[in-house]
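Asker: Here you go, this is run.pdb (PDB, C-alpha atoms and all ligand atoms).
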```pdb
ATOM      1  CA  MET A   1      72.751  -9.327 -28.335
ATOM      2  CA  GLY A   2      72.846  -5.784 -26.930
ATOM      3  CA  ASN A   3      71.582  -3.614 -24.087
ATOM      4  CA  ARG A   4      69.626  -0.917 -25.854
ATOM      5  CA  LEU A   5      66.564  -1.510 -23.634
ATOM      6  CA  SER A   6      68.329  -2.349 -20.422
ATOM      7  CA  GLY A   7      66.179  -1.650 -17.348
ATOM      8  CA  LYS A   8      63.005  -1.163 -19.417
ATOM      9  CA  SER A   9      59.747  -3.105 -19.386
ATOM     10  CA  ALA A  10      57.870  -3.673 -22.622
ATOM     11  CA  ILE A  11      54.414  -5.051 -23.379
ATOM     12  CA  VAL A  12      53.795  -6.809 -26.708
ATOM     13  CA  THR A  13      50.172  -7.684 -27.501
ATOM     14  CA  GLY A  14      49.508 -10.750 -29.653
ATOM     15  CA  GLY A  15      53.103 -11.794 -29.084
ATOM     16  CA  ASN A  16      52.539 -15.527 -28.851
ATOM     17  CA  ARG A  17      53.342 -16.085 -32.529
ATOM     18  CA  GLY A  18      54.120 -14.377 -35.832
ATOM     19  CA  ILE A  19      55.395 -10.822 -35.928
ATOM     20  CA  GLY A  20      54.560 -10.262 -32.252
ATOM     21  CA  ARG A  21      56.730 -13.180 -31.124
ATOM     22  CA  ALA A  22      59.659 -11.891 -33.178
ATOM     23  CA  ILE A  23      59.218  -8.430 -31.641
ATOM     24  CA  ALA A  24      59.044  -9.844 -28.114
ATOM     25  CA  GLU A  25      62.223 -11.889 -28.588
ATOM     26  CA  ARG A  26      64.090  -9.001 -30.232
ATOM     27  CA  LEU A  27      63.241  -6.593 -27.374
ATOM     28  CA  ALA A  28      64.247  -9.251 -24.810
ATOM     29  CA  ASP A  29      67.560  -9.709 -26.703
ATOM     30  CA  GLU A  30      68.239  -6.035 -25.912
ATOM     31  CA  GLU A  31      67.691  -6.635 -22.203
ATOM     32  CA  ALA A  32      64.095  -5.401 -21.911
ATOM     33  CA  THR A  33      61.782  -7.324 -19.628
ATOM     34  CA  VAL A  34      59.049  -8.282 -22.097
ATOM     35  CA  ILE A  35      55.504  -9.214 -21.170
ATOM     36  CA  VAL A  36      53.548 -10.866 -23.949
ATOM     37  CA  GLY A  37      49.778 -10.500 -23.699
ATOM     38  CA  ASP A  38      47.818 -12.945 -25.809
ATOM     39  CA  LEU A  39      44.526 -14.848 -25.802
ATOM     40  CA  PHE A  40      45.769 -18.320 -24.835
ATOM     41  CA  ASP A  41      42.171 -19.522 -25.315
ATOM     42  CA  GLU A  42      41.428 -20.107 -21.644
ATOM     43  CA  ARG A  43      44.621 -22.228 -21.400
ATOM     44  CA  PRO A  44      47.192 -21.126 -18.827
ATOM     45  CA  ALA A  45      49.783 -18.787 -20.334
ATOM     46  CA  PRO A  46      52.968 -20.731 -21.160
ATOM     47  CA  VAL A  47      56.145 -20.369 -19.144
ATOM     48  CA  SER A  48      58.809 -18.890 -21.386
ATOM     49  CA  SER A  49      62.101 -20.623 -22.028
ATOM     50  CA  VAL A  50      63.547 -17.290 -23.225
ATOM     51  CA  GLU A  51      65.173 -15.184 -20.532
ATOM     52  CA  ARG A  52      63.321 -11.925 -19.695
ATOM     53  CA  LEU A  53      60.147 -13.003 -21.563
ATOM     54  CA  ALA A  54      56.877 -13.576 -19.664
ATOM     55  CA  PHE A  55      53.416 -14.509 -20.915
ATOM     56  CA  MET A  56      50.111 -13.310 -19.467
ATOM     57  CA  PRO A  57      46.535 -13.743 -20.680
ATOM     58  CA  LEU A  58      45.038 -10.737 -22.446
ATOM     59  CA  ASP A  59      42.101 -10.060 -24.720
ATOM     60  CA  VAL A  60      42.715  -6.594 -26.163
ATOM     61  CA  THR A  61      39.037  -6.225 -27.110
ATOM     62  CA  LYS A  62      37.836  -6.333 -23.486
ATOM     63  CA  GLU A  63      38.324  -3.387 -21.180
ATOM     64  CA  ALA A  64      38.270  -5.560 -18.024
ATOM     65  CA  SER A  65      40.940  -7.855 -19.461
ATOM     66  CA  VAL A  66      43.169  -4.913 -20.454
ATOM     67  CA  ARG A  67      42.809  -3.318 -17.018
ATOM     68  CA  THR A  68      43.580  -6.582 -15.210
ATOM     69  CA  PHE A  69      46.566  -7.237 -17.485
ATOM     70  CA  VAL A  70      48.100  -3.775 -17.024
ATOM     71  CA  ASP A  71      47.555  -3.933 -13.233
ATOM     72  CA  ALA A  72      49.229  -7.368 -13.113
ATOM     73  CA  VAL A  73      52.203  -6.161 -15.191
ATOM     74  CA  LEU A  74      52.696  -3.164 -12.907
ATOM     75  CA  GLN A  75      52.370  -5.268  -9.789
ATOM     76  CA  LYS A  76      54.898  -7.815 -11.020
ATOM     77  CA  PHE A  77      57.369  -5.662 -12.975
ATOM     78  CA  GLY A  78      56.899  -2.179 -11.475
ATOM     79  CA  ARG A  79      56.944  -0.051 -14.652
ATOM     80  CA  ILE A  80      55.991   0.066 -18.334
ATOM     81  CA  ASP A  81      58.308   1.887 -20.745
ATOM     82  CA  VAL A  82      57.252   0.414 -24.085
ATOM     83  CA  LEU A  83      53.882  -0.655 -25.458
ATOM     84  CA  VAL A  84      53.756  -2.541 -28.755
ATOM     85  CA  ASN A  85      50.199  -2.840 -30.080
ATOM     86  CA  ASN A  86      50.634  -5.797 -32.401
ATOM     87  CA  ALA A  87      47.572  -8.069 -31.967
ATOM     88  CA  GLY A  88      45.555  -8.102 -35.157
ATOM     89  CA  ILE A  89      43.268 -10.195 -37.330
ATOM     90  CA  VAL A  90      42.152 -10.081 -40.945
ATOM     91  CA  ILE A  91      38.962 -11.101 -42.750
ATOM     92  CA  HIS A  92      38.812 -11.552 -46.531
ATOM     93  CA  LYS A  93      35.251 -10.797 -47.628
ATOM     94  CA  SER A  94      33.561  -8.520 -50.121
ATOM     95  CA  ILE A  95      31.474  -5.760 -48.574
ATOM     96  CA  ASP A  96      28.158  -7.498 -49.278
ATOM     97  CA  GLU A  97      29.374 -10.724 -47.630
ATOM     98  CA  GLN A  98      30.626  -8.965 -44.523
ATOM     99  CA  THR A  99      28.380  -9.181 -41.487
ATOM    100  CA  ILE A 100      28.109  -6.545 -38.800
ATOM    101  CA  GLU A 101      29.759  -9.108 -36.505
ATOM    102  CA  ASP A 102      32.757  -9.361 -38.897
ATOM    103  CA  TRP A 103      33.083  -5.581 -39.016
ATOM    104  CA  ASP A 104      32.748  -5.171 -35.241
ATOM    105  CA  ARG A 105      35.221  -7.992 -34.529
ATOM    106  CA  LEU A 106      37.891  -6.445 -36.760
ATOM    107  CA  MET A 107      37.340  -3.008 -35.256
ATOM    108  CA  ALA A 108      37.461  -4.484 -31.743
ATOM    109  CA  VAL A 109      40.763  -6.338 -32.158
ATOM    110  CA  ASN A 110      42.634  -4.021 -34.531
ATOM    111  CA  LEU A 111      41.473  -0.588 -33.380
ATOM    112  CA  ARG A 112      39.671  -0.716 -30.029
ATOM    113  CA  GLY A 113      42.545  -2.919 -28.784
ATOM    114  CA  PRO A 114      45.315  -0.329 -29.332
ATOM    115  CA  PHE A 115      43.029   2.387 -27.924
ATOM    116  CA  LEU A 116      42.306   0.416 -24.741
ATOM    117  CA  MET A 117      45.940  -0.577 -24.276
ATOM    118  CA  ALA A 118      47.074   3.040 -24.628
ATOM    119  CA  LYS A 119      44.316   4.262 -22.312
ATOM    120  CA  TYR A 120      45.502   1.985 -19.481
ATOM    121  CA  VAL A 121      49.265   2.192 -20.087
ATOM    122  CA  VAL A 122      49.573   5.953 -20.581
ATOM    123  CA  PRO A 123      48.986   6.900 -16.901
ATOM    124  CA  GLU A 124      52.055   4.806 -16.005
ATOM    125  CA  MET A 125      54.131   6.413 -18.781
ATOM    126  CA  ARG A 126      53.028   9.836 -17.530
ATOM    127  CA  ARG A 127      54.064   8.829 -14.012
ATOM    128  CA  ILE A 128      57.594   7.955 -15.117
ATOM    129  CA  GLY A 129      57.692  10.934 -17.525
ATOM    130  CA  SER A 130      58.623   8.936 -20.626
ATOM    131  CA  GLY A 131      57.504   6.060 -22.787
ATOM    132  CA  THR A 132      57.100   4.890 -26.321
ATOM    133  CA  ILE A 133      54.127   3.311 -28.046
ATOM    134  CA  VAL A 134      54.699   1.396 -31.259
ATOM    135  CA  ASN A 135      51.607   0.328 -33.178
ATOM    136  CA  ILE A 136      51.627  -2.265 -35.904
ATOM    137  CA  GLY A 137      49.623  -0.721 -38.713
ATOM    138  CA  SER A 138      49.925  -1.903 -42.296
ATOM    139  CA  VAL A 139      50.655  -0.746 -45.806
ATOM    140  CA  GLU A 140      46.928  -1.531 -46.085
ATOM    141  CA  GLY A 141      46.307   1.651 -44.125
ATOM    142  CA  TYR A 142      46.994   3.495 -47.396
ATOM    143  CA  MET A 143      46.743   0.843 -50.143
ATOM    144  CA  VAL A 144      44.292  -2.028 -50.179
ATOM    145  CA  ASN A 145      44.034  -5.654 -51.280
ATOM    146  CA  PRO A 146      40.677  -6.783 -52.660
ATOM    147  CA  TRP A 147      38.123  -7.930 -50.038
ATOM    148  CA  HIS A 148      39.875  -5.987 -47.281
ATOM    149  CA  THR A 149      37.590  -2.986 -46.767
ATOM    150  CA  ALA A 150      37.159  -3.614 -43.037
ATOM    151  CA  TYR A 151      40.808  -4.526 -42.443
ATOM    152  CA  ALA A 152      42.028  -1.444 -44.320
ATOM    153  CA  ALA A 153      39.605   0.745 -42.366
ATOM    154  CA  THR A 154      41.031  -0.565 -39.082
ATOM    155  CA  LYS A 155      44.631  -0.007 -40.182
ATOM    156  CA  ALA A 156      43.937   3.519 -41.452
ATOM    157  CA  GLY A 157      42.322   4.031 -38.043
ATOM    158  CA  VAL A 158      45.505   2.843 -36.312
ATOM    159  CA  HIS A 159      47.477   5.378 -38.347
ATOM    160  CA  GLY A 160      45.077   8.134 -37.242
ATOM    161  CA  LEU A 161      45.310   6.988 -33.621
ATOM    162  CA  THR A 162      49.102   7.247 -33.921
ATOM    163  CA  LEU A 163      48.915  10.888 -35.003
ATOM    164  CA  GLY A 164      46.517  11.712 -32.179
ATOM    165  CA  LEU A 165      48.571   9.980 -29.489
ATOM    166  CA  ALA A 166      51.820  11.570 -30.712
ATOM    167  CA  VAL A 167      50.266  15.041 -30.440
ATOM    168  CA  ASP A 168      48.426  14.485 -27.158
ATOM    169  CA  LEU A 169      51.236  12.669 -25.338
ATOM    170  CA  GLY A 170      54.263  14.582 -26.622
ATOM    171  CA  PRO A 171      54.085  17.060 -23.731
ATOM    172  CA  ASP A 172      54.306  14.073 -21.332
ATOM    173  CA  GLY A 173      57.502  12.823 -22.979
ATOM    174  CA  VAL A 174      55.655   9.907 -24.604
ATOM    175  CA  ARG A 175      56.242   9.085 -28.274
ATOM    176  CA  CYS A 176      53.948   7.117 -30.593
ATOM    177  CA  ASN A 177      54.825   5.678 -34.004
ATOM    178  CA  THR A 178      53.519   2.985 -36.303
ATOM    179  CA  VAL A 179      55.348   0.331 -38.275
ATOM    180  CA  CYS A 180      53.513  -0.570 -41.478
ATOM    181  CA  PRO A 181      54.554  -4.065 -42.564
ATOM    182  CA  GLY A 182      54.250  -5.108 -46.167
ATOM    183  CA  TRP A 183      53.962  -8.822 -46.991
ATOM    184  CA  ILE A 184      55.495 -10.714 -44.056
ATOM    185  CA  GLU A 185      55.538 -14.458 -43.828
ATOM    186  CA  THR A 186      53.216 -15.462 -40.945
ATOM    187  CA  ASP A 187      50.076 -17.564 -40.387
ATOM    188  CA  LEU A 188      47.986 -14.441 -40.989
ATOM    189  CA  ASN A 189      48.618 -14.329 -44.730
ATOM    190  CA  ARG A 190      49.653 -17.965 -45.259
ATOM    191  CA  ALA A 191      45.926 -18.726 -45.617
ATOM    192  CA  TYR A 192      45.830 -16.116 -48.403
ATOM    193  CA  VAL A 193      48.690 -17.779 -50.293
ATOM    194  CA  GLU A 194      47.005 -21.166 -49.892
ATOM    195  CA  LEU A 195      43.899 -19.933 -51.694
ATOM    196  CA  HIS A 196      45.782 -20.856 -54.876
ATOM    197  CA  PRO A 197      46.734 -24.502 -55.570
ATOM    198  CA  ASP A 198      50.253 -23.638 -56.827
ATOM    199  CA  ARG A 199      51.817 -22.170 -53.725
ATOM    200  CA  SER A 200      55.312 -21.803 -55.139
ATOM    201  CA  LEU A 201      53.984 -19.866 -58.152
ATOM    202  CA  VAL A 202      52.174 -17.464 -55.798
ATOM    203  CA  GLU A 203      55.366 -17.061 -53.758
ATOM    204  CA  ARG A 204      57.425 -16.312 -56.867
ATOM    205  CA  GLU A 205      54.912 -13.756 -58.104
ATOM    206  CA  LEU A 206      54.664 -12.166 -54.680
ATOM    207  CA  ALA A 207      58.439 -11.776 -54.526
ATOM    208  CA  GLN A 208      58.357 -10.053 -57.916
ATOM    209  CA  LEU A 209      56.025  -7.342 -56.622
ATOM    210  CA  HIS A 210      58.866  -6.134 -54.409
ATOM    211  CA  PRO A 211      61.768  -4.097 -55.763
ATOM    212  CA  LEU A 212      63.904  -5.992 -53.234
ATOM    213  CA  GLY A 213      62.766  -9.226 -54.887
ATOM    214  CA  ARG A 214      61.345 -11.003 -51.832
ATOM    215  CA  ILE A 215      58.771 -10.837 -49.075
ATOM    216  CA  GLY A 216      59.741  -9.858 -45.531
ATOM    217  CA  SER A 217      60.330 -11.754 -42.294
ATOM    218  CA  PRO A 218      58.911 -11.072 -38.806
ATOM    219  CA  LYS A 219      62.455 -10.309 -37.628
ATOM    220  CA  GLU A 220      62.696  -7.395 -40.080
ATOM    221  CA  ILE A 221      59.594  -5.824 -38.521
ATOM    222  CA  ALA A 222      61.022  -6.511 -35.064
ATOM    223  CA  ASN A 223      64.246  -4.642 -35.889
ATOM    224  CA  THR A 224      62.287  -1.512 -36.825
ATOM    225  CA  VAL A 225      60.126  -1.780 -33.706
ATOM    226  CA  LEU A 226      63.300  -2.053 -31.634
ATOM    227  CA  TRP A 227      64.640   1.163 -33.136
ATOM    228  CA  LEU A 228      61.360   2.990 -32.422
ATOM    229  CA  ALA A 229      61.254   1.582 -28.883
ATOM    230  CA  SER A 230      64.816   2.636 -28.133
ATOM    231  CA  ASP A 231      66.349   6.021 -27.354
ATOM    232  CA  GLU A 232      67.974   6.017 -30.820
ATOM    233  CA  SER A 233      64.684   7.361 -32.225
ATOM    234  CA  ASN A 234      64.127   9.924 -29.453
ATOM    235  CA  PHE A 235      62.990  12.742 -31.764
ATOM    236  CA  VAL A 236      60.725  10.542 -33.931
ATOM    237  CA  SER A 237      57.017  10.650 -33.108
ATOM    238  CA  GLY A 238      53.807  10.471 -35.114
ATOM    239  CA  GLU A 239      55.412   8.594 -38.016
ATOM    240  CA  MET A 240      54.114   5.738 -40.150
ATOM    241  CA  ILE A 241      57.164   3.752 -41.287
ATOM    242  CA  ALA A 242      56.648   1.240 -44.082
ATOM    243  CA  VAL A 243      58.787  -1.896 -43.936
ATOM    244  CA  ASP A 244      57.818  -3.449 -47.238
ATOM    245  CA  GLY A 245      60.818  -3.875 -49.533
ATOM    246  CA  ALA A 246      59.625  -0.766 -51.448
ATOM    247  CA  ARG A 247      56.548  -2.611 -52.692
ATOM    248  CA  THR A 248      54.297   0.392 -52.146
ATOM    249  CA  LYS A 249      56.744   2.729 -53.880
ATOM    250  CA  LYS A 250      56.557   0.986 -57.261
ATOM    251  CA  ILE A 251      53.822   2.090 -59.626
ATOM    252  CA  SER A 252      52.137  -0.923 -61.277
ATOM    253  CA  LEU A 253      52.679  -1.330 -65.003
ATOM    254  CA  PRO A 254      50.921  -3.717 -67.381
ATOM    255  CA  SER A 255      52.975  -6.920 -66.971
ATOM    256  CA  ILE A 256      53.869  -6.880 -70.683
ATOM    257  CA  LEU A 257      55.665  -3.536 -70.189
ATOM    258  CA  ASP A 258      57.243  -4.707 -66.961
ATOM    259  CA  GLU A 259      58.942  -7.817 -68.343
ATOM    260  CA  GLU A 260      62.488  -6.468 -68.374
ATOM    261  CA  TYR A 261      62.215  -5.354 -64.734
ATOM    262  CA  ARG A 262      60.679  -8.676 -63.677
ATOM    263  CA  ALA A 263      63.398 -10.603 -65.509
ATOM    264  CA  LYS A 264      66.004  -8.641 -63.589
ATOM    265  CA  LEU A 265      64.255  -9.478 -60.297
ATOM    266  CA  LYS A 266      64.235 -13.176 -61.214
ATOM    267  CA  LYS A 267      68.023 -13.070 -61.554
ATOM    268  CA  ALA A 268      68.515 -11.261 -58.239
TER     269      ALA A 268
HETATM  270  P1  LIG B 301      49.296 -13.738 -36.575
HETATM  271  O1  LIG B 301      47.908 -14.162 -36.924
HETATM  272  O2  LIG B 301      50.430 -14.643 -36.911
HETATM  273  O3  LIG B 301      49.386 -13.403 -34.992
HETATM  274  C1  LIG B 301      48.439 -12.555 -34.391
HETATM  275  C2  LIG B 301      48.524 -12.717 -32.885
HETATM  276  O4  LIG B 301      47.544 -11.850 -32.292
HETATM  277  C3  LIG B 301      48.201 -14.142 -32.434
HETATM  278  O5  LIG B 301      49.086 -14.534 -31.420
HETATM  279  C4  LIG B 301      46.776 -13.989 -31.914
HETATM  280  O6  LIG B 301      46.397 -14.937 -30.926
HETATM  281  C5  LIG B 301      46.828 -12.592 -31.309
HETATM  282  N1  LIG B 301      45.487 -12.042 -31.070
HETATM  283  C6  LIG B 301      44.410 -12.072 -31.892
HETATM  284  N2  LIG B 301      43.351 -11.505 -31.294
HETATM  285  C7  LIG B 301      43.771 -11.103 -30.057
HETATM  286  C8  LIG B 301      43.120 -10.468 -28.972
HETATM  287  N3  LIG B 301      41.818 -10.152 -29.008
HETATM  288  N4  LIG B 301      43.833 -10.202 -27.851
HETATM  289  C9  LIG B 301      45.156 -10.549 -27.780
HETATM  290  N5  LIG B 301      45.815 -11.159 -28.784
HETATM  291  C10 LIG B 301      45.120 -11.444 -29.915
HETATM  292  O7  LIG B 301      49.480 -12.307 -37.251
HETATM  293  P2  LIG B 301      50.807 -11.522 -37.732
HETATM  294  O8  LIG B 301      51.915 -11.819 -36.822
HETATM  295  O9  LIG B 301      50.958 -11.730 -39.183
HETATM  296  O10 LIG B 301      50.292 -10.016 -37.534
HETATM  297  C11 LIG B 301      50.674  -9.201 -36.450
HETATM  298  C12 LIG B 301      50.261  -7.773 -36.757
HETATM  299  O11 LIG B 301      50.885  -7.354 -37.974
HETATM  300  C13 LIG B 301      48.741  -7.606 -36.977
HETATM  301  O12 LIG B 301      48.337  -6.377 -36.420
HETATM  302  C14 LIG B 301      48.621  -7.555 -38.499
HETATM  303  O13 LIG B 301      47.488  -6.850 -38.922
HETATM  304  C15 LIG B 301      49.909  -6.823 -38.860
HETATM  305  N6  LIG B 301      50.334  -7.006 -40.243
HETATM  306  C16 LIG B 301      50.754  -8.238 -40.694
HETATM  307  C17 LIG B 301      51.184  -8.381 -41.995
HETATM  308  C18 LIG B 301      51.682  -9.678 -42.538
HETATM  309  O14 LIG B 301      52.029  -9.715 -43.737
HETATM  310  N7  LIG B 301      51.756 -10.738 -41.770
HETATM  311  C19 LIG B 301      51.191  -7.236 -42.944
HETATM  312  C20 LIG B 301      50.742  -6.006 -42.357
HETATM  313  C21 LIG B 301      50.345  -5.905 -41.061
HETATM  314  P3  LIG B 301      45.854 -16.414 -31.364
HETATM  315  O15 LIG B 301      47.079 -17.203 -31.693
HETATM  316  O16 LIG B 301      45.112 -16.884 -30.143
HETATM  317  O17 LIG B 301      44.963 -16.200 -32.554
END
```
Would you write out, as structure tokens, the structure that this file holds?
Answerer:
Amino acid sequence: MGNRLSGKSAIVTGGNRGIGRAIAERLADEEATVIVGDLFDERPAPVSSVERLAFMPLDVTKEASVRTFVDAVLQKFGRIDVLVNNAGIVIHKSIDEQTIEDWDRLMAVNLRGPFLMAKYVVPEMRRIGSGTIVNIGSVEGYMVNPWHTAYAATKAGVHGLTLGLAVDLGPDGVRCNTVCPGWIETDLNRAYVELHPDRSLVERELAQLHPLGRIGSPKEIANTVLWLASDESNFVSGEMIAVDGARTKKISLPSILDEEYRAKLKKA
């Protein structure tokens, strides 16, 4: 498609499906060599049919796995210019139902993961004197769905990590930003939609929460990640960029007072 990342190597964690896969393919489209790190559940990592896309096993929660992964990437590809911390999980439970194991698991994948990845990738970025880290946070880092206390805490943590990395690594020529997706169609929240028996009703109502009248696609997150990974955003660091169809910009009204607006969205 283009050559905005020509000659660069990019890591995408959790890139085997969902938003991560779309990011990996988009970066490869722009001539980056992309290495997807994902769990692969003890199975061998698949061989990619997409040019410039490689898969390697990685568990972002485990320091030994992260170290081995980063060493293997450097050995095979020689450099790391872009790190996309995308791997993430969600748990829907009220605070009293949450176990310590639930809490620790979410923290380990969503927050310790990006920390460990940055810790092991940054020395290489320092060596080459440049680099860009793009975290996948969430609009739930500053607004919250019910039963998401732990998830929201991890995403707010990712936003804080972004600020810290941007400040600490700026002098090394390394940028760090976060993309905050709104409602994006993937397996992660499909389970949420399926909690209700009338799936199409849920989808219609979800669309109506967005001033743009629809939910988002993984590709739309990938396009923003591409911009942050490329030189086109060279003076942007420490930012949280919502990609959510303006959902978080609209103040909720009682639905009875919002009918005219909703009717307009239905027509769109
Ligand atoms: P998916 O569940 O579709 O994909 C998540 C990927 O992460 C999977 O490939 C999964 O592997 C991998 N993964 C999970 N744990 C680990 C781990 N320990 N080490 C390495 N990889 C791991 O999620 P999405 O694509 O929807 O979400 C991607 C990111 O976007 C997450 O950080 C999520 O919080 C964020 N996000 C998503 C939103 C949405 O609406 N979808 C909204 C806001 C933020 P496996 O297949 O083995 O489980």
Asker: Apply the PyMOL selection byres (((chain A and resi 248) around 9) and not hetatm) to the displayed file and report the matching residues as a list in words.
Answerer: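 On the file shown, the PyMOL selection byres (((chain A and resi 248) around 9) and not hetatm) covers Val139, Met143, Gly182, His210, Ala242, Asp244, Gly245, Ala246, Arg247, Lys249, Lys250 and Ile251 of chain A.
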Asker: Those same residues - C-alpha atoms - I'd like them written as an mmCIF file, in the frame of the given file.
Answerer:
```cif
data_model
loop_
_atom_site.group_PDB
_atom_site.id
_atom_site.type_symbol
_atom_site.label_atom_id
_atom_site.label_comp_id
_atom_site.auth_asym_id
_atom_site.auth_seq_id
_atom_site.Cartn_x
_atom_site.Cartn_y
_atom_site.Cartn_z
ATOM 1 C CA VAL A 139 50.655 -0.746 -45.806
ATOM 2 C CA MET A 143 46.743 0.843 -50.143
ATOM 3 C CA GLY A 182 54.250 -5.108 -46.167
ATOM 4 C CA HIS A 210 58.866 -6.134 -54.409
ATOM 5 C CA ALA A 242 56.648 1.240 -44.082
ATOM 6 C CA ASP A 244 57.818 -3.449 -47.238
ATOM 7 C CA GLY A 245 60.818 -3.875 -49.533
ATOM 8 C CA ALA A 246 59.625 -0.766 -51.448
ATOM 9 C CA ARG A 247 56.548 -2.611 -52.692
ATOM 10 C CA LYS A 249 56.744 2.729 -53.880
ATOM 11 C CA LYS A 250 56.557 0.986 -57.261
ATOM 12 C CA ILE A 251 53.822 2.090 -59.626
#
```
Asker: To test the calculation: enclose all listed atoms of region 134-150 of chain A in a box whose edges run along x, y and z, add 6 Å on each side, then state centre and edge lengths in Å to one decimal, as JSON.
Answerer:
```
{"center_x": 45.9, "center_y": -2.2, "center_z": -42.0, "size_x": 29.5, "size_y": 23.4, "size_z": 33.4}
```
Asker: Could you tell me, counting all atoms listed in the file, which protein and nucleic acid residues lie no more than 6 Å from ligand LIG 301 (chain B), written as a PyMOL selection string?
Answerer: chain A and resi 13-20+38-40+58-61+86-89+109+136-138+181-189
Asker: Region 254-263 of chain A: which residues within 12 Å, counting all atoms listed in the file, same-chain residues fewer than 4 positions away excluded, as an NGL selection string?
Answerer: :A and (204-213 or 250 or 267-268)
Asker: Around (43.2, -4.0, -51.2) in the file's frame, which residues reach within 12 Å when counting all atoms listed in the file? Return as a list in words?
Answerer: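 With a cut-off of 12 Å, the residues come to Val90, Ile91, His92, Lys93, Ser94, Ser138, Val139, Glu140, Gly141, Tyr142, Met143, Val144, Asn145, Pro146, Trp147, His148, Thr149, Ala150, Tyr151, Ala152, Ala153, Lys155 and Thr248 of chain A.
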Asker: Give me, as a tab-separated table (two decimals) with C-alpha atoms, in the frame of the given file, all polymer residues having an atom no more than 12 Å from Ala10 (chain A), counting all atoms listed in the file and skipping those fewer than 2 positions away in the same chain.
Answerer:
```tsv
chain	number	residue	atom	x	y	z
A	5	LEU	CA	66.56	-1.51	-23.63
A	6	SER	CA	68.33	-2.35	-20.42
A	7	GLY	CA	66.18	-1.65	-17.35
A	8	LYS	CA	63.00	-1.16	-19.42
A	12	VAL	CA	53.80	-6.81	-26.71
A	13	THR	CA	50.17	-7.68	-27.50
A	15	GLY	CA	53.10	-11.79	-29.08
A	23	ILE	CA	59.22	-8.43	-31.64
A	24	ALA	CA	59.04	-9.84	-28.11
A	25	GLU	CA	62.22	-11.89	-28.59
A	26	ARG	CA	64.09	-9.00	-30.23
A	27	LEU	CA	63.24	-6.59	-27.37
A	28	ALA	CA	64.25	-9.25	-24.81
A	30	GLU	CA	68.24	-6.04	-25.91
A	31	GLU	CA	67.69	-6.64	-22.20
A	32	ALA	CA	64.10	-5.40	-21.91
A	33	THR	CA	61.78	-7.32	-19.63
A	34	VAL	CA	59.05	-8.28	-22.10
A	35	ILE	CA	55.50	-9.21	-21.17
A	36	VAL	CA	53.55	-10.87	-23.95
A	37	GLY	CA	49.78	-10.50	-23.70
A	52	ARG	CA	63.32	-11.92	-19.70
A	53	LEU	CA	60.15	-13.00	-21.56
A	54	ALA	CA	56.88	-13.58	-19.66
A	55	PHE	CA	53.42	-14.51	-20.92
A	70	VAL	CA	48.10	-3.78	-17.02
A	73	VAL	CA	52.20	-6.16	-15.19
A	74	LEU	CA	52.70	-3.16	-12.91
A	77	PHE	CA	57.37	-5.66	-12.98
A	78	GLY	CA	56.90	-2.18	-11.48
A	79	ARG	CA	56.94	-0.05	-14.65
A	80	ILE	CA	55.99	0.07	-18.33
A	81	ASP	CA	58.31	1.89	-20.74
A	82	VAL	CA	57.25	0.41	-24.08
A	83	LEU	CA	53.88	-0.66	-25.46
A	84	VAL	CA	53.76	-2.54	-28.76
A	85	ASN	CA	50.20	-2.84	-30.08
A	121	VAL	CA	49.26	2.19	-20.09
A	125	MET	CA	54.13	6.41	-18.78
A	131	GLY	CA	57.50	6.06	-22.79
A	132	THR	CA	57.10	4.89	-26.32
A	133	ILE	CA	54.13	3.31	-28.05
A	134	VAL	CA	54.70	1.40	-31.26
A	225	VAL	CA	60.13	-1.78	-33.71
A	226	LEU	CA	63.30	-2.05	-31.63
A	229	ALA	CA	61.25	1.58	-28.88
A	230	SER	CA	64.82	2.64	-28.13
```
Asker: State, in Å with one decimal place, the distance from CA of Ile215 (chain A) to CA of Val243 (chain A).
Answerer: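 Calculated distance between CA of Ile215 (chain A) and CA of Val243 (chain A) is 10.3 Å.
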Asker: Between CA of Pro57 (chain A) and CA of Pro44 (chain A), what is the distance, to one decimal in Å?
Answerer: 7.6 Å
Asker: CA of Arg126 (chain A) and CA of Asp172 (chain A), how far apart in Å?
Answerer: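 Going from CA of Asp172 (chain A) over to CA of Arg126 (chain A), I get 5.8 Å.
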Asker: From the list A:Leu253, A:Glu232, A:Thr154, A:Val174, which residue is nearest Ile128 (chain A) when using only C-alpha atoms?
Answerer: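 Smallest distance to Ile128 (chain A) is found for A:Val174.
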Asker: Would you please work out which residue, of A:Ala72, A:Ala156, A:Ala64, A:Ala22, is nearest to Lys219 (chain A) when using only C-alpha atoms?
Answerer: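 Ranking A:Ala72, A:Ala156, A:Ala64, A:Ala22 by distance to Lys219 (chain A), first place goes to A:Ala22.
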Asker: Find the residue from A:Ser237, A:Thr99, A:Thr68, A:Ser252 that sits nearest to Asp168 (chain A); use only C-alpha atoms when measuring.
Answerer: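 When distances to Asp168 (chain A) are compared using only C-alpha atoms, the smallest one comes from A:Ser237.
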Asker: If we count all atoms listed in the file, what is near Thr162 (chain A) at a cut-off of 10 Å, once residues fewer than 4 positions away on the same chain are taken out, given as a PyMOL selection string?
Answerer: chain A and resi 114-115+133-135+137+156-158+166-168+175-178+237-240
Asker: Here is a test: counting only C-alpha atoms, which residue of A:Ser233, A:Trp103, A:Arg112, A:Lys76 is nearest to Ser9 (chain A)?
Answerer: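 Between A:Ser233, A:Trp103, A:Arg112, A:Lys76, the residue approaching Ser9 (chain A) most closely is A:Lys76.
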